[in-house]
>>> print(open('data31.txt').read())   # compact mmCIF, N, CA and C atoms
# COMPACT_ATOMS: atom_id res chain seq x y z
N MET A 1 109.47 62.37 122.72
CA MET A 1 110.42 63.44 122.99
C MET A 1 110.25 64.51 121.93
N SER A 2 110.08 65.75 122.36
CA SER A 2 109.90 66.84 121.40
C SER A 2 111.26 67.25 120.83
N SER A 3 111.21 68.00 119.76
CA SER A 3 112.46 68.43 119.12
C SER A 3 113.24 69.40 120.00
N THR A 4 112.54 70.22 120.78
CA THR A 4 113.23 71.15 121.67
C THR A 4 113.99 70.40 122.76
N THR A 5 113.37 69.41 123.35
CA THR A 5 114.03 68.59 124.36
C THR A 5 115.21 67.85 123.75
N PHE A 6 115.03 67.34 122.55
CA PHE A 6 116.11 66.64 121.87
C PHE A 6 117.32 67.55 121.67
N PHE A 7 117.07 68.79 121.23
CA PHE A 7 118.18 69.71 121.01
C PHE A 7 118.84 70.13 122.32
N PHE A 8 118.06 70.31 123.39
CA PHE A 8 118.66 70.65 124.67
C PHE A 8 119.52 69.52 125.22
N LEU A 9 119.24 68.29 124.84
CA LEU A 9 120.06 67.16 125.27
C LEU A 9 121.18 66.87 124.28
N PHE A 10 120.89 66.97 123.00
CA PHE A 10 121.84 66.57 121.97
C PHE A 10 122.99 67.57 121.79
N ILE A 11 122.69 68.86 121.80
CA ILE A 11 123.72 69.87 121.53
C ILE A 11 124.82 69.88 122.61
N PRO A 12 124.49 69.88 123.91
CA PRO A 12 125.58 69.80 124.90
C PRO A 12 126.37 68.49 124.80
N LEU A 13 125.67 67.39 124.55
CA LEU A 13 126.36 66.11 124.41
C LEU A 13 127.32 66.14 123.21
N LEU A 14 126.86 66.66 122.10
CA LEU A 14 127.71 66.76 120.91
C LEU A 14 128.91 67.67 121.16
N SER A 15 128.70 68.80 121.85
CA SER A 15 129.82 69.71 122.11
C SER A 15 130.86 69.05 123.02
N PHE A 16 130.44 68.31 124.04
CA PHE A 16 131.40 67.62 124.91
C PHE A 16 132.15 66.51 124.17
N VAL A 17 131.46 65.80 123.29
CA VAL A 17 132.13 64.76 122.51
C VAL A 17 133.18 65.37 121.58
N LEU A 18 132.84 66.47 120.91
CA LEU A 18 133.79 67.10 120.00
C LEU A 18 134.98 67.70 120.76
N LEU A 19 134.75 68.27 121.94
CA LEU A 19 135.86 68.76 122.76
C LEU A 19 136.77 67.62 123.21
N ALA A 20 136.17 66.48 123.58
CA ALA A 20 136.97 65.33 123.99
C ALA A 20 137.80 64.79 122.83
N VAL A 21 137.22 64.74 121.64
CA VAL A 21 137.96 64.28 120.45
C VAL A 21 139.12 65.24 120.17
N ASN A 22 138.90 66.53 120.33
CA ASN A 22 139.96 67.51 120.12
C ASN A 22 141.08 67.33 121.14
N LEU A 23 140.75 67.13 122.40
CA LEU A 23 141.77 66.94 123.43
C LEU A 23 142.59 65.67 123.22
N VAL A 24 141.94 64.63 122.69
CA VAL A 24 142.64 63.35 122.50
C VAL A 24 143.55 63.39 121.28
N PHE A 25 143.06 63.95 120.17
CA PHE A 25 143.80 63.84 118.91
C PHE A 25 144.63 65.07 118.53
N ALA A 26 144.43 66.20 119.17
CA ALA A 26 145.18 67.40 118.80
C ALA A 26 146.60 67.33 119.36
N PRO A 27 147.59 67.76 118.58
CA PRO A 27 148.97 67.76 119.10
C PRO A 27 149.15 68.86 120.15
N HIS A 28 149.88 68.55 121.20
CA HIS A 28 150.15 69.51 122.27
C HIS A 28 151.65 69.72 122.35
N ASN A 29 152.14 70.79 121.76
CA ASN A 29 153.56 71.10 121.81
C ASN A 29 153.79 72.59 122.04
N PRO A 30 153.54 73.07 123.26
CA PRO A 30 153.78 74.49 123.53
C PRO A 30 155.27 74.80 123.56
N TYR A 31 155.63 76.00 123.15
CA TYR A 31 157.01 76.46 123.19
C TYR A 31 156.99 77.94 123.59
N GLN A 32 158.17 78.49 123.82
CA GLN A 32 158.26 79.83 124.41
C GLN A 32 157.61 80.91 123.55
N GLU A 33 157.83 80.88 122.24
CA GLU A 33 157.24 81.90 121.38
C GLU A 33 155.72 81.80 121.35
N LYS A 34 155.21 80.58 121.44
CA LYS A 34 153.78 80.38 121.40
C LYS A 34 153.10 80.92 122.67
N ASP A 35 153.78 80.83 123.78
CA ASP A 35 153.25 81.29 125.05
C ASP A 35 153.61 82.74 125.37
N SER A 36 154.28 83.42 124.45
CA SER A 36 154.69 84.80 124.72
C SER A 36 153.48 85.73 124.66
N ALA A 37 153.68 86.99 125.08
CA ALA A 37 152.57 87.94 125.22
C ALA A 37 152.08 88.48 123.88
N PHE A 38 152.93 88.56 122.88
CA PHE A 38 152.53 89.14 121.61
C PHE A 38 151.76 88.13 120.78
N GLU A 39 150.96 88.60 119.84
CA GLU A 39 150.11 87.73 119.04
C GLU A 39 150.93 86.76 118.20
N CYS A 40 150.48 85.55 118.12
CA CYS A 40 150.99 84.50 117.24
C CYS A 40 152.45 84.14 117.51
N GLY A 41 153.07 84.64 118.56
CA GLY A 41 154.44 84.28 118.87
C GLY A 41 155.48 85.02 118.06
N PHE A 42 155.10 85.99 117.22
CA PHE A 42 156.06 86.72 116.41
C PHE A 42 156.56 87.95 117.17
N SER A 43 157.79 88.34 116.91
CA SER A 43 158.29 89.59 117.46
C SER A 43 157.61 90.75 116.75
N SER A 44 157.50 91.87 117.46
CA SER A 44 156.83 93.01 116.86
C SER A 44 157.67 93.57 115.72
N PHE A 45 157.00 94.04 114.68
CA PHE A 45 157.65 94.61 113.50
C PHE A 45 157.66 96.12 113.63
N LEU A 46 158.83 96.71 113.71
CA LEU A 46 159.00 98.16 113.82
C LEU A 46 158.28 98.73 115.03
N GLY A 47 158.18 97.97 116.09
CA GLY A 47 157.55 98.46 117.31
C GLY A 47 156.06 98.70 117.16
N GLN A 48 155.38 97.88 116.38
CA GLN A 48 153.97 98.09 116.13
C GLN A 48 153.11 97.96 117.38
N ASN A 49 153.58 97.22 118.35
CA ASN A 49 152.75 97.05 119.53
C ASN A 49 152.78 98.25 120.46
N ARG A 50 153.62 99.24 120.20
CA ARG A 50 153.70 100.43 121.07
C ARG A 50 153.41 101.73 120.33
N THR A 51 153.14 101.69 119.04
CA THR A 51 152.87 102.92 118.29
C THR A 51 151.40 103.30 118.42
N GLN A 52 151.11 104.57 118.16
CA GLN A 52 149.73 105.02 118.22
C GLN A 52 148.94 104.44 117.06
N PHE A 53 147.69 104.13 117.31
CA PHE A 53 146.81 103.54 116.31
C PHE A 53 145.86 104.61 115.80
N SER A 54 145.79 104.76 114.50
CA SER A 54 144.97 105.82 113.91
C SER A 54 143.49 105.52 114.09
N ILE A 55 142.73 106.55 114.44
CA ILE A 55 141.29 106.41 114.64
C ILE A 55 140.57 106.18 113.31
N SER A 56 141.22 106.49 112.19
CA SER A 56 140.56 106.32 110.89
C SER A 56 140.25 104.86 110.58
N PHE A 57 140.99 103.92 111.17
CA PHE A 57 140.67 102.52 110.97
C PHE A 57 139.33 102.17 111.61
N PHE A 58 139.08 102.73 112.79
CA PHE A 58 137.81 102.49 113.47
C PHE A 58 136.66 103.14 112.72
N ILE A 59 136.89 104.35 112.20
CA ILE A 59 135.85 105.03 111.43
C ILE A 59 135.51 104.24 110.18
N PHE A 60 136.53 103.72 109.52
CA PHE A 60 136.32 102.91 108.33
C PHE A 60 135.50 101.67 108.66
N ALA A 61 135.81 101.02 109.79
CA ALA A 61 135.07 99.83 110.20
C ALA A 61 133.62 100.16 110.54
N LEU A 62 133.39 101.28 111.20
CA LEU A 62 132.02 101.67 111.52
C LEU A 62 131.21 101.97 110.27
N LEU A 63 131.85 102.62 109.30
CA LEU A 63 131.14 102.91 108.05
C LEU A 63 130.84 101.63 107.29
N PHE A 64 131.76 100.67 107.34
CA PHE A 64 131.49 99.37 106.71
C PHE A 64 130.28 98.71 107.35
N LEU A 65 130.22 98.73 108.68
CA LEU A 65 129.08 98.13 109.37
C LEU A 65 127.78 98.83 109.01
N LEU A 66 127.81 100.14 108.89
CA LEU A 66 126.62 100.89 108.53
C LEU A 66 126.08 100.47 107.18
N PHE A 67 126.95 100.39 106.19
CA PHE A 67 126.49 100.03 104.85
C PHE A 67 126.23 98.53 104.71
N ASP A 68 126.83 97.74 105.55
CA ASP A 68 126.50 96.32 105.59
C ASP A 68 125.09 96.13 106.14
N LEU A 69 124.73 96.88 107.16
CA LEU A 69 123.38 96.82 107.70
C LEU A 69 122.36 97.38 106.73
N GLU A 70 122.78 98.30 105.88
CA GLU A 70 121.87 98.81 104.85
C GLU A 70 121.41 97.69 103.95
N ILE A 71 122.32 96.83 103.54
CA ILE A 71 121.96 95.70 102.68
C ILE A 71 121.02 94.76 103.42
N LEU A 72 121.25 94.59 104.72
CA LEU A 72 120.37 93.75 105.52
C LEU A 72 118.96 94.32 105.58
N LEU A 73 118.83 95.65 105.61
CA LEU A 73 117.51 96.27 105.67
C LEU A 73 116.83 96.33 104.31
N VAL A 74 117.58 96.30 103.24
CA VAL A 74 116.99 96.31 101.90
C VAL A 74 116.48 94.92 101.51
N TYR A 75 117.06 93.88 102.07
CA TYR A 75 116.71 92.51 101.69
C TYR A 75 115.23 92.17 101.88
N PRO A 76 114.59 92.52 103.01
CA PRO A 76 113.16 92.20 103.13
C PRO A 76 112.30 92.88 102.08
N TYR A 77 112.66 94.10 101.68
CA TYR A 77 111.90 94.75 100.62
C TYR A 77 112.03 93.98 99.31
N LEU A 78 113.24 93.53 99.01
CA LEU A 78 113.45 92.83 97.75
C LEU A 78 112.72 91.50 97.71
N VAL A 79 112.58 90.85 98.86
CA VAL A 79 111.88 89.57 98.90
C VAL A 79 110.39 89.77 98.61
N SER A 80 109.82 90.87 99.11
CA SER A 80 108.39 91.11 98.92
C SER A 80 108.13 92.29 97.99
N ALA A 81 108.92 92.45 96.97
CA ALA A 81 108.81 93.61 96.08
C ALA A 81 107.49 93.61 95.31
N TYR A 82 106.94 92.44 94.98
CA TYR A 82 105.70 92.40 94.20
C TYR A 82 104.50 92.87 95.02
N THR A 83 104.52 92.64 96.32
CA THR A 83 103.36 93.00 97.15
C THR A 83 103.50 94.35 97.83
N ASN A 84 104.64 95.01 97.73
CA ASN A 84 104.83 96.29 98.42
C ASN A 84 104.11 97.44 97.75
N GLY A 85 104.06 97.45 96.46
CA GLY A 85 103.39 98.52 95.75
C GLY A 85 104.23 99.78 95.67
N VAL A 86 103.58 100.87 95.27
CA VAL A 86 104.27 102.14 95.06
C VAL A 86 104.72 102.74 96.40
N TYR A 87 103.93 102.55 97.45
CA TYR A 87 104.29 103.10 98.76
C TYR A 87 105.60 102.49 99.27
N GLY A 88 105.74 101.18 99.17
CA GLY A 88 106.97 100.51 99.60
C GLY A 88 108.17 100.95 98.77
N LEU A 89 107.96 101.11 97.46
CA LEU A 89 109.04 101.58 96.60
C LEU A 89 109.47 102.99 96.98
N THR A 90 108.51 103.85 97.30
CA THR A 90 108.83 105.22 97.68
C THR A 90 109.63 105.25 98.99
N ILE A 91 109.21 104.48 99.96
CA ILE A 91 109.92 104.43 101.24
C ILE A 91 111.34 103.90 101.04
N MET A 92 111.49 102.88 100.20
CA MET A 92 112.82 102.32 99.97
C MET A 92 113.71 103.31 99.22
N LEU A 93 113.15 104.07 98.28
CA LEU A 93 113.94 105.06 97.57
C LEU A 93 114.36 106.21 98.49
N VAL A 94 113.50 106.60 99.43
CA VAL A 94 113.88 107.64 100.40
C VAL A 94 115.00 107.12 101.30
N PHE A 95 114.90 105.86 101.72
CA PHE A 95 115.94 105.24 102.55
C PHE A 95 117.27 105.20 101.81
N LEU A 96 117.25 104.75 100.56
CA LEU A 96 118.48 104.68 99.77
C LEU A 96 119.03 106.07 99.46
N LEU A 97 118.15 107.06 99.27
CA LEU A 97 118.61 108.43 99.03
C LEU A 97 119.32 108.97 100.27
N ALA A 98 118.77 108.71 101.46
CA ALA A 98 119.42 109.18 102.69
C ALA A 98 120.79 108.53 102.86
N LEU A 99 120.89 107.24 102.57
CA LEU A 99 122.18 106.57 102.68
C LEU A 99 123.17 107.05 101.62
N THR A 100 122.68 107.33 100.43
CA THR A 100 123.56 107.84 99.37
C THR A 100 124.08 109.23 99.72
N LEU A 101 123.22 110.07 100.28
CA LEU A 101 123.67 111.40 100.69
C LEU A 101 124.70 111.30 101.83
N GLY A 102 124.48 110.38 102.74
CA GLY A 102 125.45 110.16 103.81
C GLY A 102 126.79 109.67 103.27
N PHE A 103 126.74 108.78 102.29
CA PHE A 103 127.97 108.27 101.68
C PHE A 103 128.71 109.38 100.93
N ALA A 104 127.96 110.24 100.23
CA ALA A 104 128.59 111.37 99.53
C ALA A 104 129.22 112.34 100.53
N PHE A 105 128.57 112.54 101.67
CA PHE A 105 129.13 113.39 102.72
C PHE A 105 130.43 112.80 103.26
N GLU A 106 130.46 111.48 103.46
CA GLU A 106 131.68 110.82 103.93
C GLU A 106 132.81 110.93 102.92
N LEU A 107 132.49 110.79 101.64
CA LEU A 107 133.51 110.95 100.61
C LEU A 107 134.02 112.39 100.57
N GLY A 108 133.12 113.36 100.78
CA GLY A 108 133.53 114.76 100.78
C GLY A 108 134.42 115.10 101.96
N LYS A 109 134.19 114.48 103.11
CA LYS A 109 135.02 114.70 104.30
C LYS A 109 136.27 113.82 104.30
N LYS A 110 136.44 112.99 103.28
CA LYS A 110 137.58 112.07 103.14
C LYS A 110 137.68 111.13 104.35
N ALA A 111 136.53 110.63 104.80
CA ALA A 111 136.51 109.71 105.93
C ALA A 111 136.98 108.32 105.53
N LEU A 112 136.98 108.03 104.24
CA LEU A 112 137.37 106.69 103.78
C LEU A 112 138.82 106.61 103.34
N SER A 113 139.59 107.69 103.49
CA SER A 113 141.00 107.65 103.11
C SER A 113 141.84 107.40 104.35
N ILE A 114 142.70 106.41 104.28
CA ILE A 114 143.56 106.04 105.39
C ILE A 114 144.99 106.31 104.97
N ASP A 115 145.68 107.17 105.71
CA ASP A 115 147.07 107.51 105.42
C ASP A 115 148.00 106.64 106.25
N SER A 116 149.11 106.25 105.66
CA SER A 116 150.12 105.48 106.38
C SER A 116 151.06 106.44 107.07
N ARG A 117 151.19 106.30 108.39
CA ARG A 117 152.07 107.17 109.16
C ARG A 117 153.12 106.35 109.89
N GLN A 118 153.53 105.27 109.28
CA GLN A 118 154.51 104.40 109.91
C GLN A 118 155.90 105.02 109.75
N ILE A 119 156.67 105.03 110.81
CA ILE A 119 157.99 105.66 110.81
C ILE A 119 159.05 104.60 111.03
N LEU A 120 160.08 104.61 110.19
CA LEU A 120 161.21 103.68 110.33
C LEU A 120 162.33 104.35 111.10
N ASN A 121 162.92 103.66 112.04
CA ASN A 121 164.11 104.14 112.74
C ASN A 121 165.28 103.29 112.28
N ASP A 122 166.09 103.83 111.36
CA ASP A 122 167.23 103.09 110.85
C ASP A 122 168.46 103.97 111.00
N SER A 123 169.30 103.64 111.97
CA SER A 123 170.52 104.40 112.30
C SER A 123 170.24 105.90 112.42
N ASN A 124 169.25 106.21 113.29
CA ASN A 124 168.86 107.58 113.64
C ASN A 124 168.31 108.38 112.47
N LYS A 125 167.80 107.70 111.44
CA LYS A 125 167.13 108.38 110.33
C LYS A 125 165.66 107.99 110.36
N GLN A 126 164.80 108.94 110.10
CA GLN A 126 163.37 108.66 110.07
C GLN A 126 162.86 108.86 108.66
N PHE A 127 162.14 107.86 108.18
CA PHE A 127 161.56 107.91 106.85
C PHE A 127 160.05 107.78 106.99
N ASN A 128 159.33 108.57 106.25
CA ASN A 128 157.88 108.45 106.26
C ASN A 128 157.48 107.58 105.07
N LEU A 129 156.71 106.54 105.32
CA LEU A 129 156.34 105.58 104.26
C LEU A 129 155.04 105.91 103.59
N SER A 130 154.62 107.16 103.48
CA SER A 130 153.34 107.43 102.84
C SER A 130 153.47 107.53 101.36
>>> encode(input="data31.txt", output="structure tokens")
Amino acid sequence: MSSTTFFFLFIPLLSFVLLAVNLVFAPHNPYQEKDSAFECGFSSFLGQNRTQFSISFFIFALLFLLFDLEILLVYPYLVSAYTNGVYGLTIMLVFLLALTLGFAFELGKKALSIDSRQILNDSNKQFNLS
């Protein structure tokens, strides 16, 4: 039996065994809050489930992914740094320079600053929590 055949047989078998163990030993006690529509069974805090969501959170997440992928692309160069030579170093420095200029542009446009715009409604008074 080859290792590929073994894994095609073993992995589904292992997953079904672990699911069966979970069904047998896990406690099952559903209640109304647990089955409610909101996350985790908690009531919404200050109407968070109906307020507008700022796009800056998505921009921040996209920028994080961009710079996280940068580290992923730098890693192969670092592994083979001895054999890359001057040409590889030059290409990597150009890549890092382009990313640094992009990061400076983002800082200049204040893309990484997130303002709090949460509003409290307390006896017809509105307070801005920024």
>>> atom_distance(input="data31.txt", atom1="atom N of A:Thr100", atom2="atom CA of A:Ser113")
18.5 Å
>>> atom_distance(input="data31.txt", atom1="atom CA of A:Leu72", atom2="atom CA of A:Ile55")
26.1 Å
>>> atom_distance(input="data31.txt", atom1="atom CA of A:Ile59", atom2="atom CA of A:Gly102")
13.9 Å
>>> closest_residue(input="data31.txt", among="A:Met92, A:Leu19, A:Leu14, A:Leu107", to="A:Tyr75", atoms="only C-alpha atoms")
A:Met92
